[in-house]
Amino acid sequence: MDFETLHKQFTESLLKPRSAVPNGLVALAAPKIQKRFGVYRNNVMASLIEALKANFPIVYKLVGEDFFKALAVAFISHNPPNIPMLFKYGAQFPAFIADYSAAAGLPYLADIARLEINWRLAYHSEDATALDISAVEKIAPERHMALKFKFHPSVSILKSGWPIFSIWQGHEKADMSDINLAHSENIIIARPNVEVMMIKLSAAACSFYRNMMIKKTLGMAYERALEIDNEFDLSQCFGQLFGVGLVVDLYLNDNGESE
Amino acid sequence: MSNFAAHDIPNGAGVGLKARHYKTILAEKPKLGWFEVHPENYMGAGGPPHQYLTAIRELYPLSLHGVGMSLGSPTKRLDPAHLARFKALIERYEPGLISEHLAWSTHEGVYYNDLLPLPYTDETLNHVANHVNEMQDYLGRQVLIENPSTYLAYEDSPYAETDFLRQLAQKTGCGMLLDVNNIFVSAHNQNYDPYEYLASYPVEFVGEIHLGGHKVEKIVEDDNAISSLLIDDHASAVSDEVWAIYNALIAKIGPKPSLMEWDGDIPEWPILYAEAQTANKYMAGLNVGGNV
């Protein structure tokens with residue numbers, strides 16, 4: 001048998017615990033080949049479960065060891081990794097959780113998994129130096145509404161129908177008692193320096209940041225935010241943008257030139 | 001110009017770098033020859049992994065020990081994207097040593113995250129040699145190849161592992177990374193004498209040694225027969241038997257870069273550091289007790 005066929009048979013049995021041991025393998029001593037092949041099966045499955053635990057620590061804590069293990073085994077069997085960088089493993093995990101009937105009682109779980117993916121993307125994202133607010137102050141105030149921002153590469157926004165920020169915070173404080181599941185929360189995730197940060201956004205602020213991230217002008221993003229909340233506080237958002245370090249460059253309208 | 005420490009890995013103990021020890025190492029700057037990392041953990045664009053590794057590289061030489069190249073895959077070529085990521089890390093960190101495994105981990109686009117075994121035949125020898133050549137040519141560097149821990153054998157595998165490795169080194173100019181724990185684990189599991197393995201191993205090509213822990217798994221079969229397998233889990237201290245093989249090895253070839261691998265149940269830094277110092281004591285010719 002050529003080794004391409006050997007590899008094919010080997011891998012076809014690896015993720016299926018009840019399938020037969022492939023042909024061409026032998027045990028030169030006790031134990032028998034089934035137990036020996038089982039070591040590889042177990043190494044693969046156990047190490048991938050550990051990889052998912054490392055990438056989704058809050059999902060793991062929320063559901064506990066036994067539930068997580070069953071969920072992970074089901075996921076891994078259908079979605080094994082396709083690259084050797086395991087910190088990227090699990091991009092399909094939130095969608096899998098959303099369809100996993102045993103998790104129906106935790107309807108927010110898929111969004112927590114999304115939050116953990118965005119957290120990890122921010123952690124490993126490209127580095128960039130945040131822009132100081134003095135760059136805005138150099139531009140004449142009457143032109144401010146034509147400004148566009150380039151965001152730090154780690155920044156993402158997550159909109160959820162569930163109180164994901166409160167659940168995450170409750171998990172950090174080990175106290176989930178006060179969480180009102182009827183609330184929905186949106187967050188912005190970023191890693192301007194070493195630490196990943198998460199900030200809860202109002203509906204208006206969420207709209208403002210989303211529009212700024214897709215390169216709308218400050219004026220347009222501000223208008224949209226006011227339509228959602230006529231008391232939207234632009235200066236507070238501005239303080240956050242530059243205070244946290246979410247902006248790395250700015251442009252004026254469409255000419256693409258930085259000033 | 002980088003502010004990096006010397007490139008060359010000294011003939012002394014090094015430690016597998018773990019994220020939980022970053023801050024301690026930077027604060028204490030322990031006296032140690034070098035560190036090693038799995039490049040796959042540093043293949044993100046930026047963030048804390050690169051910030052810490054850069055700061056540590058400024059203080060110590062570094063070795064890159066790949067686990068994802070899948071040199072034993074039957075594909076015609078290695079994954080070009082993975083080669084490119086590996087090369088970018090070499091340019092970024094200027095490692096003193098580069099190594100990979102005599103194993104495979106990827107098949108038809110699925111990464112199994114384990115070092116899976118190969119039959120040792122003329123066909124696989126040519127195949128692995130082509131892959132090692134491709135990797136060395138692309139990276140512009142010699143690669144050291146590590147002997148695997150094995151749990152089973154192939155029916156059709158005419159080469160002894162040690163002959164296979166010797167031929168591989170002769171065909172490609174690659175070096176050898178000799179994992180002493182893997183010798184002991186495979187010898188127990190496949191019922192041979194680890195010292196006979198060592199006697200036939202091509203020690204003249206060794207550029208690096210690995211040391212790590214294993215666990216004993218008791219196996220009870222359906223007919224109640226009891227036996228055991230050793231599992232290479234890198235989750236405990238180096239056993240006395242493995243230190244004894246290490247002692248015999250360095251008596252034969254002299255001090256070499258010797259890495260302490262501890263990947264599961266990772267201990268506090270002082271425990272890991274003390275294990276590395278034990279390797280240094282052996283290299284200094286001191287008998288440190290145990291079954292030596």
# chains A, B, ... in the order shown; residues from 1 in each chain; ligands from 1
$ interface_residues --of "chain A" --to "chain B" --cutoff "6 Å" --atoms "only C-alpha atoms" --output "ChimeraX atom specification"
/A:4,24-27,31,36,44,81-85,123-127,194
$ write_last_selection --atoms "C-alpha atoms" --output "short mmCIF file (atom, residue, chain, number, x, y, z; two decimals), in the first residue's frame"
data_model
loop_
_atom_site.label_atom_id
_atom_site.label_comp_id
_atom_site.auth_asym_id
_atom_site.auth_seq_id
_atom_site.Cartn_x
_atom_site.Cartn_y
_atom_site.Cartn_z
CA GLU A 4 -0.83 8.25 0.53
CA GLY A 24 -1.17 -1.73 7.67
CA LEU A 25 -0.58 -0.98 11.38
CA VAL A 26 0.81 -3.48 13.91
CA ALA A 27 1.45 -3.89 17.60
CA PRO A 31 -1.25 -3.83 24.18
CA ARG A 36 -2.32 1.90 20.44
CA VAL A 44 -5.94 14.58 18.59
CA PRO A 81 -8.82 22.95 12.18
CA ASN A 82 -7.39 23.72 8.75
CA ILE A 83 -4.23 25.59 9.77
CA PRO A 84 -1.60 24.88 12.44
CA MET A 85 -2.17 28.19 14.26
CA TYR A 123 -5.18 40.35 20.92
CA HIS A 124 -3.28 39.07 17.86
CA SER A 125 -4.03 41.97 15.51
CA GLU A 126 -1.45 44.17 13.92
CA ASP A 127 0.05 46.84 16.20
CA VAL A 194 -1.10 45.45 25.48
#
$ residues_around --residues "Val37 in chain B" --least-positions-apart "2" --cutoff "12 Å" --atoms "only C-alpha atoms" --output "JSON, numbers by chain"
{"B": [14, 15, 16, 17, 18, 19, 34, 35, 39, 40, 41, 42, 43, 49, 50, 53, 56, 57, 61, 62, 63, 64, 65, 66, 67, 89, 90, 93, 95, 96, 97, 98, 99, 100, 259, 260, 261, 262, 263]}
$ residues_around --residues "Leu198 in chain B" --least-positions-apart "6" --cutoff "12 Å" --atoms "only C-alpha atoms" --output "count of residues only"
24
$ residues_around --residues "Val132 in chain B" --least-positions-apart "2" --cutoff "10 Å" --atoms "only C-alpha atoms" --output "ChimeraX atom specification"
/B:69,71-72,78,100,102,126-130,134-138,142-145,168-169,171-174
$ closest_residue --among "A:Gly170, A:Gly161, A:Gly38, A:Pro192" --to "Ala122 in chain A" --atoms "only C-alpha atoms"
A:Pro192
$ select_by_dssp --residues "range 53-178 of chain B" --states "strand (DSSP E or B)" --output "list in words"
Leu62, Ser63, Leu64, His65, Leu97, Ile98, Ser99, Glu100, His101, Trp104, Ser105, Thr106, His107, Val110, Tyr111, Tyr112, Asn113, Asp114, Leu115, Leu116, Leu144, Ile145, Glu146, Ala153, Tyr154, Gly175, Met176, Leu177 and Leu178 of chain B
$ atom_distance --atom1 "CA of Thr129 in chain A" --atom2 "CA of Val248 in chain A"
6.1 Å
$ residues_around --residues "Glu94 in chain B" --least-positions-apart "5" --cutoff "12 Å" --atoms "only C-alpha atoms" --output "JSON, numbers by chain"
{"B": [1, 2, 3, 4, 5, 6, 7, 8, 9, 53, 54, 57, 58, 60, 61, 62, 63, 64, 86, 87, 88, 89, 139, 141]}
$ write_last_selection --atoms "C-alpha atoms" --output "PDB file, in the first residue's frame"
ATOM      1  CA  MET B   1      19.494  47.317  13.448  1.00  0.00           C
ATOM      2  CA  SER B   2      17.978  45.024  16.004  1.00  0.00           C
ATOM      3  CA  ASN B   3      18.896  45.062  19.666  1.00  0.00           C
ATOM      4  CA  PHE B   4      18.925  41.284  19.751  1.00  0.00           C
ATOM      5  CA  ALA B   5      21.239  39.115  21.820  1.00  0.00           C
ATOM      6  CA  ALA B   6      23.711  36.810  20.036  1.00  0.00           C
ATOM      7  CA  HIS B   7      22.166  34.470  17.454  1.00  0.00           C
ATOM      8  CA  ASP B   8      24.064  31.298  18.249  1.00  0.00           C
ATOM      9  CA  ILE B   9      22.581  28.825  20.675  1.00  0.00           C
ATOM     10  CA  LEU B  53       9.016  37.616  22.439  1.00  0.00           C
ATOM     11  CA  THR B  54      10.838  40.659  21.058  1.00  0.00           C
ATOM     12  CA  ARG B  57      14.882  37.981  22.210  1.00  0.00           C
ATOM     13  CA  GLU B  58      16.770  41.146  23.146  1.00  0.00           C
ATOM     14  CA  TYR B  60      18.549  35.634  24.884  1.00  0.00           C
ATOM     15  CA  PRO B  61      19.247  33.594  21.730  1.00  0.00           C
ATOM     16  CA  LEU B  62      16.149  31.894  20.325  1.00  0.00           C
ATOM     17  CA  SER B  63      15.336  28.591  18.617  1.00  0.00           C
ATOM     18  CA  LEU B  64      12.224  28.029  16.455  1.00  0.00           C
ATOM     19  CA  PHE B  86       7.847  30.545   8.985  1.00  0.00           C
ATOM     20  CA  LYS B  87      10.307  32.565   6.913  1.00  0.00           C
ATOM     21  CA  ALA B  88       8.790  35.857   8.104  1.00  0.00           C
ATOM     22  CA  LEU B  89       9.443  34.776  11.712  1.00  0.00           C
ATOM     23  CA  LEU B 139      14.196  29.209   4.451  1.00  0.00           C
ATOM     24  CA  ARG B 141      18.730  27.573   6.674  1.00  0.00           C
TER      25      ARG B 141
END
$ residues_around --residues "range 89-98 of chain A" --least-positions-apart "6" --cutoff "7 Å" --atoms "only C-alpha atoms" --output "number ranges by chain"
A: 52, 75, 81, 110-111, 113-114
$ residues_around --residues "range 280-285 of chain B" --least-positions-apart "6" --cutoff "9 Å" --atoms "only C-alpha atoms" --output "PyMOL selection string"
chain B and resi 11-13+243+246-247+250-251+254-256+258
$ atom_distance --atom1 "CA of Ser200 in chain B" --atom2 "CA of Pro10 in chain B"
25.9 Å
$ atom_distance --atom1 "CA of Phe232 in chain A" --atom2 "CA of Ser202 in chain A"
9.2 Å
$ select_by_dssp --residues "range 17-243 of chain A" --states "helix (DSSP H, G or I)" --output "VMD selection string"
chain A and resid 33 to 55 57 to 63 65 to 78 86 to 88 93 to 99 101 to 103 109 to 124 134 to 137 141 to 146 164 to 173 203 to 213 218 to 228 234 to 243
$ closest_residue --among "A:Phe165, A:Phe242, A:Phe3, A:Phe68" --to "Met198 in chain A" --atoms "only C-alpha atoms"
A:Phe165
$ closest_residue --among "A:Ala103, A:Ile199, A:Val63, A:Ile58" --to "Glu172 in chain A" --atoms "only C-alpha atoms"
A:Ile58
